[in-house]
file run.csv (CSV, C-alpha atoms)
chain,number,residue,atom,x,y,z
A,276,MET,CA,0.8,-41.1,18.8
A,277,VAL,CA,-2.6,-42.8,18.5
A,278,ASN,CA,-3.6,-43.4,14.9
A,279,THR,CA,-7.3,-42.4,14.5
A,280,GLU,CA,-7.3,-42.9,10.8
A,281,THR,CA,-8.8,-46.4,10.7
A,282,PRO,CA,-11.0,-48.0,8.0
A,283,VAL,CA,-14.6,-48.4,8.7
A,284,ASP,CA,-14.4,-52.2,8.1
A,285,ALA,CA,-10.9,-53.4,9.0
A,286,SER,CA,-11.8,-57.0,8.1
A,287,SER,CA,-11.9,-56.1,4.3
A,288,SER,CA,-9.3,-53.5,3.5
A,289,ASN,CA,-9.8,-53.7,-0.2
A,290,ASN,CA,-13.5,-52.9,0.0
A,291,SER,CA,-13.4,-50.4,2.9
A,292,THR,CA,-13.7,-46.7,2.7
A,293,TYR,CA,-10.9,-44.7,4.3
A,294,ILE,CA,-12.2,-41.8,6.4
A,295,PRO,CA,-9.3,-39.6,7.6
A,296,ASP,CA,-9.5,-37.4,10.6
A,297,SER,CA,-10.2,-33.7,9.9
A,298,THR,CA,-6.7,-32.8,11.2
A,299,SER,CA,-4.9,-35.2,8.9
A,300,PRO,CA,-3.2,-34.1,5.7
A,301,LEU,CA,-5.2,-36.7,3.9
A,302,PHE,CA,-8.5,-35.0,4.7
A,303,LEU,CA,-10.2,-33.3,1.8
A,304,HIS,CA,-12.7,-30.6,2.6
A,305,SER,CA,-15.8,-30.3,0.4
A,306,SER,CA,-14.7,-26.7,-0.6
A,307,TYR,CA,-11.4,-27.9,-2.2
A,308,ILE,CA,-11.7,-27.6,-5.9
A,309,PRO,CA,-9.2,-28.9,-8.5
A,310,GLY,CA,-7.7,-26.2,-10.8
A,311,MET,CA,-8.0,-23.5,-8.1
A,312,CYS,CA,-5.2,-20.8,-8.2
A,313,LEU,CA,-3.9,-20.2,-4.7
A,314,VAL,CA,-2.1,-16.9,-5.5
A,315,SER,CA,-3.3,-13.6,-6.9
A,316,THR,CA,-0.8,-13.7,-9.8
A,317,PRO,CA,0.5,-17.0,-11.3
A,318,PHE,CA,4.3,-17.3,-11.3
A,319,SER,CA,6.0,-16.4,-14.6
A,320,GLU,CA,9.8,-16.6,-14.0
A,321,SER,CA,10.0,-13.4,-11.9
A,322,GLY,CA,9.4,-12.9,-8.2
A,323,TYR,CA,9.8,-16.5,-7.3
A,324,GLY,CA,10.5,-15.7,-3.6
A,325,GLY,CA,7.2,-13.9,-3.1
A,326,TRP,CA,5.3,-16.6,-5.1
A,327,ARG,CA,6.9,-19.4,-3.0
A,328,ARG,CA,6.0,-17.7,0.2
A,329,SER,CA,2.4,-17.2,-0.8
A,330,MET,CA,2.1,-20.9,-1.9
A,331,ILE,CA,3.5,-22.1,1.4
A,332,VAL,CA,1.0,-20.0,3.4
A,333,SER,CA,-1.9,-21.2,1.2
A,334,LEU,CA,-0.9,-24.9,1.4
A,335,SER,CA,-0.3,-24.6,5.1
A,336,THR,CA,-3.8,-23.3,5.8
A,337,LYS,CA,-5.2,-26.3,3.9
A,338,ASN,CA,-2.9,-28.7,5.8
A,339,LYS,CA,-1.3,-29.8,2.5
A,340,ILE,CA,2.3,-28.5,2.9
A,341,GLY,CA,3.5,-32.0,3.6
A,342,PHE,CA,2.9,-33.0,0.0
A,343,VAL,CA,5.5,-30.5,-1.3
A,344,ASP,CA,8.1,-30.6,1.4
A,345,GLY,CA,8.1,-34.4,1.7
A,346,SER,CA,6.8,-34.6,5.3
A,347,CYS,CA,3.7,-36.5,4.0
A,348,PRO,CA,5.1,-39.3,1.7
A,349,ARG,CA,3.0,-42.0,0.1
A,350,PRO,CA,2.2,-44.5,2.9
A,351,VAL,CA,3.7,-48.0,2.7
A,352,THR,CA,0.7,-50.1,3.5
A,353,THR,CA,-1.6,-52.7,2.0
A,354,ASP,CA,-4.6,-50.6,2.7
A,355,VAL,CA,-5.8,-49.8,-0.8
A,356,ALA,CA,-8.4,-47.2,0.5
A,357,LYS,CA,-5.7,-45.2,2.3
A,358,LEU,CA,-3.4,-45.3,-0.7
A,359,HIS,CA,-6.2,-44.1,-2.9
A,360,GLN,CA,-6.9,-41.2,-0.5
A,361,TRP,CA,-3.3,-40.2,-0.6
A,362,ASP,CA,-3.3,-40.2,-4.4
A,363,ARG,CA,-6.4,-38.0,-4.4
A,364,CYS,CA,-4.7,-35.4,-2.1
A,365,ASN,CA,-1.5,-35.5,-4.1
A,366,ASN,CA,-3.4,-34.9,-7.4
A,367,MET,CA,-5.3,-32.1,-5.8
A,368,VAL,CA,-2.1,-30.4,-4.8
A,369,ILE,CA,-0.6,-30.9,-8.3
A,370,SER,CA,-3.7,-29.3,-9.7
A,371,TRP,CA,-3.3,-26.3,-7.4
A,372,LEU,CA,0.4,-26.0,-8.3
A,373,THR,CA,0.0,-26.0,-12.0
A,374,SER,CA,-3.0,-23.6,-11.8
A,375,SER,CA,-0.7,-21.2,-9.9
A,376,LEU,CA,1.9,-21.2,-12.6
A,377,SER,CA,2.0,-19.5,-16.0
A,378,PRO,CA,0.9,-21.8,-18.9
A,379,THR,CA,4.5,-22.1,-20.2
A,380,ILE,CA,5.9,-23.3,-16.9
A,381,ALA,CA,2.9,-25.5,-16.1
A,382,GLU,CA,3.4,-27.4,-19.4
A,383,SER,CA,7.0,-28.2,-18.3
A,384,VAL,CA,5.8,-30.0,-15.1
A,385,GLN,CA,2.4,-31.3,-16.1
A,386,TYR,CA,3.7,-34.9,-16.4
A,387,SER,CA,5.2,-35.0,-12.9
A,388,GLU,CA,3.7,-37.7,-10.7
A,389,THR,CA,3.9,-36.1,-7.3
A,390,ALA,CA,3.6,-32.5,-6.0
A,391,LYS,CA,7.0,-32.9,-4.3
A,392,SER,CA,8.7,-33.4,-7.6
A,393,ILE,CA,7.1,-30.3,-9.1
A,394,TRP,CA,8.2,-28.3,-6.1
A,395,LYS,CA,11.8,-29.5,-6.4
A,396,GLN,CA,11.9,-28.7,-10.1
A,397,LEU,CA,10.8,-25.1,-9.4
A,398,GLU,CA,13.3,-24.8,-6.6
A,399,ARG,CA,16.2,-25.9,-8.8
A,400,ARG,CA,15.2,-23.6,-11.6
A,401,TYR,CA,14.2,-20.4,-9.9
A,402,GLY,CA,15.2,-20.7,-6.2
A,403,ALA,CA,18.9,-21.2,-6.7
A,404,VAL,CA,20.9,-18.3,-5.2
A,405,ASN,CA,23.5,-16.7,-7.4
A,406,GLY,CA,25.4,-13.4,-7.5
A,407,THR,CA,23.4,-12.1,-10.4
A,408,LYS,CA,20.0,-12.3,-8.7
A,409,VAL,CA,21.4,-10.7,-5.5
A,410,PHE,CA,23.0,-8.0,-7.5
A,411,GLU,CA,19.8,-7.2,-9.4
A,412,ILE,CA,17.8,-7.0,-6.2
A,413,LYS,CA,20.3,-4.7,-4.5
A,414,LYS,CA,20.6,-2.5,-7.6
A,415,ALA,CA,16.9,-2.1,-8.0
A,416,SER,CA,16.6,-0.6,-4.5
A,417,THR,CA,19.2,2.1,-4.5
A,418,GLN,CA,17.3,5.3,-5.5
A,419,GLN,CA,13.9,6.8,-4.7
A,420,GLY,CA,13.5,8.6,-8.0
A,421,SER,CA,9.9,9.7,-8.8
A,422,LEU,CA,8.4,7.5,-6.0
A,423,ASP,CA,6.9,9.0,-2.9
A,424,ILE,CA,8.2,7.9,0.5
A,425,ALA,CA,5.5,5.2,1.0
A,426,SER,CA,6.0,3.6,-2.4
A,427,TYR,CA,9.8,3.7,-2.1
A,428,PHE,CA,9.7,2.1,1.4
A,429,ASN,CA,7.3,-0.6,0.2
A,430,LYS,CA,9.5,-1.4,-2.8
A,431,LEU,CA,12.5,-1.8,-0.5
A,432,LYS,CA,10.6,-3.9,2.0
A,433,LYS,CA,9.5,-6.3,-0.8
A,434,LEU,CA,13.0,-6.6,-2.1
A,435,TRP,CA,14.4,-7.2,1.3
A,436,ASP,CA,11.9,-10.0,2.0
A,437,GLU,CA,12.6,-11.6,-1.4
A,438,LEU,CA,16.3,-11.5,-0.7
A,439,GLY,CA,15.7,-13.0,2.7
A,440,THR,CA,13.9,-16.0,1.1
A,441,MET,CA,16.9,-16.5,-1.2
A,442,ARG,CA,19.6,-16.3,1.4
A,443,LYS,CA,19.8,-18.0,4.8
A,444,ASN,CA,19.2,-15.5,7.6
A,445,HIS,CA,21.9,-16.4,10.0
A,446,GLY,CA,20.8,-13.8,12.5
A,447,ASN,CA,17.5,-15.5,13.1
A,448,ARG,CA,19.0,-19.0,13.1
A,449,CYS,CA,21.8,-18.2,15.5
A,450,THR,CA,21.4,-19.2,19.1
A,451,CYS,CA,24.6,-17.8,20.5
A,452,ALA,CA,25.1,-14.6,22.5
A,453,ALA,CA,26.0,-12.7,19.3
A,454,ARG,CA,22.4,-13.1,17.9
A,455,ASP,CA,21.2,-9.7,19.1
A,456,GLY,CA,24.2,-7.9,17.7
A,457,ILE,CA,23.9,-9.6,14.3
A,458,GLN,CA,20.2,-8.7,14.1
A,459,LYS,CA,21.0,-5.1,15.1
A,460,ASP,CA,23.6,-4.8,12.4
A,461,GLU,CA,21.2,-6.1,9.8
A,462,GLU,CA,18.6,-3.6,10.8
A,463,GLU,CA,21.1,-0.8,10.7
A,464,ASP,CA,22.2,-1.8,7.2
A,465,LYS,CA,18.6,-1.6,6.0
A,466,LEU,CA,18.3,1.8,7.6
A,467,HIS,CA,21.4,3.1,5.8
A,468,GLN,CA,20.2,1.6,2.5
A,469,PHE,CA,16.8,3.3,2.9
A,470,LEU,CA,18.4,6.7,3.7
A,471,MET,CA,21.0,6.5,0.9
A,472,GLY,CA,18.4,6.2,-1.8
A,473,LEU,CA,16.4,9.2,-0.7
A,474,ASN,CA,16.2,12.3,-3.0
A,475,GLU,CA,18.3,15.4,-2.2
A,476,VAL,CA,15.3,17.2,-0.9
A,477,TYR,CA,15.4,15.1,2.2
A,478,VAL,CA,19.1,15.7,3.0
A,479,GLY,CA,18.3,17.7,6.1
A,480,VAL,CA,16.0,15.1,7.6
A,481,ARG,CA,18.5,12.4,6.7
A,482,SER,CA,21.4,14.2,8.4
A,483,ASN,CA,19.3,14.5,11.6
A,484,LEU,CA,18.4,10.8,11.6
A,485,LEU,CA,22.0,9.8,11.1
A,486,MET,CA,23.2,11.9,14.0
A,487,MET,CA,20.7,10.4,16.4
A,488,GLN,CA,22.2,8.2,19.2
A,489,PRO,CA,21.2,5.5,19.4
A,490,PRO,CA,20.2,5.2,15.7
A,491,PRO,CA,16.5,5.2,15.1
A,492,THR,CA,14.7,2.1,14.0
A,493,LEU,CA,13.7,1.6,10.4
A,494,ASP,CA,10.0,2.1,11.2
A,495,SER,CA,10.7,5.3,13.1
A,496,ALA,CA,12.8,6.7,10.3
A,497,TYR,CA,10.1,5.9,7.8
A,498,SER,CA,7.5,7.6,10.0
A,499,THR,CA,9.6,10.8,10.3
A,500,LEU,CA,10.2,11.0,6.6
A,501,LEU,CA,6.5,10.5,5.9
A,502,GLN,CA,5.6,13.4,8.2
A,503,ASP,CA,8.2,15.6,6.5
A,504,GLU,CA,6.8,14.7,3.1
A,505,ASN,CA,3.2,15.6,4.2
A,506,GLN,CA,4.4,18.9,5.6
A,507,ARG,CA,6.1,19.8,2.3
A,508,GLN,CA,2.9,19.1,0.4
A,509,VAL,CA,0.9,21.4,2.7
A,510,GLN,CA,3.4,24.2,2.2
A,511,HIS,CA,3.1,24.1,-1.5
A,512,ILE,CA,-0.6,24.9,-1.6
A,513,PRO,CA,-1.0,28.2,-3.5
A,514,GLN,CA,-2.4,31.2,-1.5
A,515,LEU,CA,-4.9,33.7,-2.9
A,516,VAL,CA,-3.4,37.3,-3.0
A,517,PRO,CA,-6.0,40.2,-3.0
A,518,GLU,CA,-5.8,42.9,-5.6
A,519,ALA,CA,-3.9,46.0,-4.7
A,520,ALA,CA,-5.3,49.6,-4.7
A,521,SER,CA,-8.9,48.5,-4.2
A,522,PHE,CA,-11.6,49.4,-1.6
A,523,ASN,CA,-13.6,46.6,0.0
A,524,VAL,CA,-17.1,47.7,1.1
A,525,ASN,CA,-18.5,45.4,3.9
A,526,ALA,CA,-22.3,45.1,3.7
A,527,ASN,CA,-22.4,44.2,7.4
A,528,ASN,CA,-22.0,48.0,8.1
A,529,LYS,CA,-25.0,48.7,6.0
A,530,VAL,CA,-27.6,51.3,7.3
A,531,PHE,CA,-31.1,50.0,6.8
A,532,PRO,CA,-34.2,52.2,6.8
A,533,PRO,CA,-36.5,52.0,9.8
A,534,ASN,CA,-38.8,49.0,10.2
A,535,VAL,CA,-36.7,46.9,7.8
A,536,ASN,CA,-35.3,43.6,9.0
A,537,SER,CA,-31.6,43.5,8.2
A,538,LYS,CA,-31.6,39.7,8.1
A,539,ALA,CA,-33.7,39.8,4.9
A,540,PHE,CA,-30.7,41.3,3.1
A,541,PRO,CA,-27.7,38.9,2.9
A,542,PRO,CA,-24.2,40.3,3.4
A,543,LYS,CA,-22.6,41.4,0.2
A,544,GLN,CA,-19.2,42.7,-0.7
A,545,TYR,CA,-18.4,45.1,-3.5
A,546,THR,CA,-15.1,46.3,-4.8
A,547,GLN,CA,-14.4,49.4,-6.9
A,548,LYS,CA,-11.0,50.6,-8.0
A,549,VAL,CA,-10.5,54.4,-7.8
A,550,ASP,CA,-8.3,56.5,-10.0
A,551,PHE,CA,-7.3,59.4,-7.7
A,552,ASP,CA,-6.2,61.5,-10.6
A,553,GLN,CA,-9.6,61.7,-12.4
A,554,PRO,CA,-11.8,64.9,-11.9
A,555,LYS,CA,-14.5,64.8,-9.4
A,556,GLY,CA,-17.2,65.5,-12.0
A,557,ASN,CA,-16.3,62.4,-13.9
A,558,ILE,CA,-16.7,60.0,-11.0
A,559,PHE,CA,-19.7,57.6,-11.1
A,560,CYS,CA,-21.0,54.7,-9.0
A,561,LYS,CA,-20.6,51.2,-10.4
A,562,TYR,CA,-23.6,50.0,-8.3
A,563,CYS,CA,-26.4,52.4,-9.3
A,564,LYS,CA,-24.6,53.5,-12.5
A,565,LYS,CA,-25.1,57.3,-11.7
A,566,PRO,CA,-22.4,60.0,-11.7
A,567,GLY,CA,-21.5,62.3,-8.8
A,568,HIS,CA,-20.6,59.8,-6.1
A,569,LEU,CA,-18.7,56.5,-5.6
A,570,ILE,CA,-19.9,53.1,-4.4
A,571,ASP,CA,-18.9,53.8,-0.8
A,572,LYS,CA,-21.4,56.8,-0.8
A,573,CYS,CA,-24.2,55.1,-2.7
A,574,TYR,CA,-27.5,55.5,-0.8
A,575,LYS,CA,-29.1,52.7,-2.8
A,576,LEU,CA,-26.5,50.3,-1.5
A,577,HIS,CA,-26.0,51.5,2.1
A,578,GLY,CA,-29.4,52.9,2.8
A,579,PHE,CA,-30.9,56.4,2.7
A,580,PRO,CA,-30.6,58.7,5.7
A,581,GLN,CA,-33.7,59.2,7.8
A,582,ASN,CA,-34.0,62.9,6.9
A,583,PHE,CA,-33.5,62.3,3.2
A,584,LYS,CA,-36.2,64.0,1.0
A,585,PHE,CA,-37.1,62.2,-2.2
A,586,ASN,CA,-37.7,64.3,-5.3
call {"tool": "encode", "arguments": {"input": "run.csv", "output": "structure tokens"}}
result
Amino acid sequence: MVNTETPVDASSSNNSTYIPDSTSPLFLHSSYIPGMCLVSTPFSESGYGGWRRSMIVSLSTKNKIGFVDGSCPRPVTTDVAKLHQWDRCNNMVISWLTSSLSPTIAESVQYSETAKSIWKQLERRYGAVNGTKVFEIKKASTQQGSLDIASYFNKLKKLWDELGTMRKNHGNRCTCAARDGIQKDEEEDKLHQFLMGLNEVYVGVRSNLLMMQPPPTLDSAYSTLLQDENQRQVQHIPQLVPEAASFNVNANNKVFPPNVNSKAFPPKQYTQKVDFDQPKGNIFCKYCKKPGHLIDKCYKLHGFPQNFKFN
């Protein structure tokens, strides 16, 4: 590979300025700021797998992952400018690492000389796989409880990913003919774990999914349960029940006097309960407040007949 990282003045390496190529890990962009936190939440002794994954992604985008995994060691050279550039990049990564840790953890690694040593210390403390951590992850993902389908699935997915970073995924690393079968079994195990933790209200949908041949994918089962949850929410919307023993008078059937535009009178609806046992002389209209007729016979409401004579 041709080395393009050459000093400007090769005749005097002690006084030269080292200008790395933009694709080199030793290149520092003007936007790189010391003390910048690379993750949304600094690491504080829990959720190391997710924090580690976020840091790897952030450092890779800045082309500085080699300073923590050892692929970019301090160069063995007499070029002082190049050594100084490596120290600058190493200190920049150290600043990013300590800023992405809680103050207590950052104090325990602040005297480390390289970013690689800090990364190794964190791996030994929090990245070691043991039965207790695996048990805690599996136990936390057994029941849906008060969570909805989306929250329950997202919680499971996060725990599965965290467990995947702690343990070696042999299905993805395998190159033999059994690779597809191993990955299929792992996917089916996740499906069963997802279905086992559901609440009893989804027992019918769960039975249908388990009887499907071939078994559905995890994403397909999640989509089916999400649709069932939405349908249950729609069915629980309360419906309005009209009152019994009431008469509804529709104003659309109103009789208007001649030369009167019916559009000037907006449709109205009136309701009056009738007691069939009361004497006829005691009835009165609730609209005009006059006795002798009911609201369905009120001329003031429905219009006067054409041959009506006013007193």
call {"tool": "atom_distance", "arguments": {"input": "run.csv", "atom1": "atom CA of Leu334 of chain A", "atom2": "atom CA of Trp371 of chain A"}}
result
9.2 Å
call {"tool": "residues_around", "arguments": {"input": "run.csv", "residues": "Ala496 of chain A", "least_positions_apart": "5", "cutoff": "8 Å", "atoms": "all atoms listed in the file", "output": "list in words"}}
result
Leu466, Leu484 and Pro491 of chain A
call {"tool": "atom_distance", "arguments": {"input": "run.csv", "atom1": "atom CA of Ser374 of chain A", "atom2": "atom CA of Lys357 of chain A"}}
result
25.9 Å
call {"tool": "residues_around", "arguments": {"input": "run.csv", "residues": "Lys395 of chain A", "least_positions_apart": "5", "cutoff": "12 Å", "atoms": "only C-alpha atoms", "output": "PDB file with C-alpha atoms, in the frame of the given file"}}
result
ATOM      1  CA  ARG A 327       6.900 -19.400  -3.000  1.00  0.00           C
ATOM      2  CA  PHE A 342       2.900 -33.000   0.000  1.00  0.00           C
ATOM      3  CA  VAL A 343       5.500 -30.500  -1.300  1.00  0.00           C
ATOM      4  CA  ASP A 344       8.100 -30.600   1.400  1.00  0.00           C
ATOM      5  CA  GLY A 345       8.100 -34.400   1.700  1.00  0.00           C
ATOM      6  CA  VAL A 384       5.800 -30.000 -15.100  1.00  0.00           C
ATOM      7  CA  SER A 387       5.200 -35.000 -12.900  1.00  0.00           C
ATOM      8  CA  THR A 389       3.900 -36.100  -7.300  1.00  0.00           C
ATOM      9  CA  ALA A 390       3.600 -32.500  -6.000  1.00  0.00           C
ATOM     10  CA  ARG A 400      15.200 -23.600 -11.600  1.00  0.00           C
ATOM     11  CA  TYR A 401      14.200 -20.400  -9.900  1.00  0.00           C
ATOM     12  CA  GLY A 402      15.200 -20.700  -6.200  1.00  0.00           C
ATOM     13  CA  ALA A 403      18.900 -21.200  -6.700  1.00  0.00           C
TER      14      ALA A 403
END
call {"tool": "closest_atom_pairs", "arguments": {"input": "run.csv", "of": "segment 294-322 of chain A", "to": "segment 366-370 of chain A", "cutoff": "9 Å", "atoms": "all atoms listed in the file", "output": "CSV"}}
result
residue,atom,partner,partner_atom,distance
A:Tyr307,CA,A:Met367,CA,8.2
A:Ile308,CA,A:Met367,CA,7.8
A:Pro309,CA,A:Ser370,CA,5.6
A:Gly310,CA,A:Ser370,CA,5.2
A:Met311,CA,A:Ser370,CA,7.4
A:Cys312,CA,A:Ser370,CA,8.8
call {"tool": "closest_residue", "arguments": {"input": "run.csv", "among": "A:Glu461, A:Asp503, A:Asp455, A:Asp571", "to": "Asp423 of chain A", "atoms": "only C-alpha atoms"}}
result
A:Asp503
call {"tool": "closest_residue", "arguments": {"input": "run.csv", "among": "A:Ser375, A:Ser392, A:Thr440, A:Ser306", "to": "Gly324 of chain A", "atoms": "all atoms listed in the file"}}
result
A:Thr440
call {"tool": "atom_distance", "arguments": {"input": "run.csv", "atom1": "atom CA of Leu358 of chain A", "atom2": "atom CA of Leu301 of chain A"}}
result
9.9 Å
call {"tool": "residues_around", "arguments": {"input": "run.csv", "residues": "Gln418 of chain A", "least_positions_apart": "5", "cutoff": "10 Å", "atoms": "only C-alpha atoms", "output": "compact mmCIF listing (two decimals) with C-alpha atoms, in the frame of the given file"}}
result
# COMPACT_ATOMS: atom_id res chain seq x y z
CA TYR A 427 9.80 3.70 -2.10
CA LEU A 431 12.50 -1.80 -0.50
CA GLN A 468 20.20 1.60 2.50
CA PHE A 469 16.80 3.30 2.90
CA LEU A 470 18.40 6.70 3.70
CA MET A 471 21.00 6.50 0.90
CA GLY A 472 18.40 6.20 -1.80
CA LEU A 473 16.40 9.20 -0.70
CA ASN A 474 16.20 12.30 -3.00
call {"tool": "residues_around", "arguments": {"input": "run.csv", "residues": "Pro490 of chain A", "least_positions_apart": "3", "cutoff": "12 Å", "atoms": "only C-alpha atoms", "output": "ChimeraX atom specification"}}
result
/A:459-460,462-467,481-487,493-496
call {"tool": "write_last_selection", "arguments": {"input": "run.csv", "atoms": "C-alpha atoms", "output": "PDB file, keeping the file's coordinate frame"}}
result
ATOM      1  CA  LYS A 459      21.000  -5.100  15.100  1.00  0.00           C
ATOM      2  CA  ASP A 460      23.600  -4.800  12.400  1.00  0.00           C
ATOM      3  CA  GLU A 462      18.600  -3.600  10.800  1.00  0.00           C
ATOM      4  CA  GLU A 463      21.100  -0.800  10.700  1.00  0.00           C
ATOM      5  CA  ASP A 464      22.200  -1.800   7.200  1.00  0.00           C
ATOM      6  CA  LYS A 465      18.600  -1.600   6.000  1.00  0.00           C
ATOM      7  CA  LEU A 466      18.300   1.800   7.600  1.00  0.00           C
ATOM      8  CA  HIS A 467      21.400   3.100   5.800  1.00  0.00           C
ATOM      9  CA  ARG A 481      18.500  12.400   6.700  1.00  0.00           C
ATOM     10  CA  SER A 482      21.400  14.200   8.400  1.00  0.00           C
ATOM     11  CA  ASN A 483      19.300  14.500  11.600  1.00  0.00           C
ATOM     12  CA  LEU A 484      18.400  10.800  11.600  1.00  0.00           C
ATOM     13  CA  LEU A 485      22.000   9.800  11.100  1.00  0.00           C
ATOM     14  CA  MET A 486      23.200  11.900  14.000  1.00  0.00           C
ATOM     15  CA  MET A 487      20.700  10.400  16.400  1.00  0.00           C
ATOM     16  CA  LEU A 493      13.700   1.600  10.400  1.00  0.00           C
ATOM     17  CA  ASP A 494      10.000   2.100  11.200  1.00  0.00           C
ATOM     18  CA  SER A 495      10.700   5.300  13.100  1.00  0.00           C
ATOM     19  CA  ALA A 496      12.800   6.700  10.300  1.00  0.00           C
TER      20      ALA A 496
END
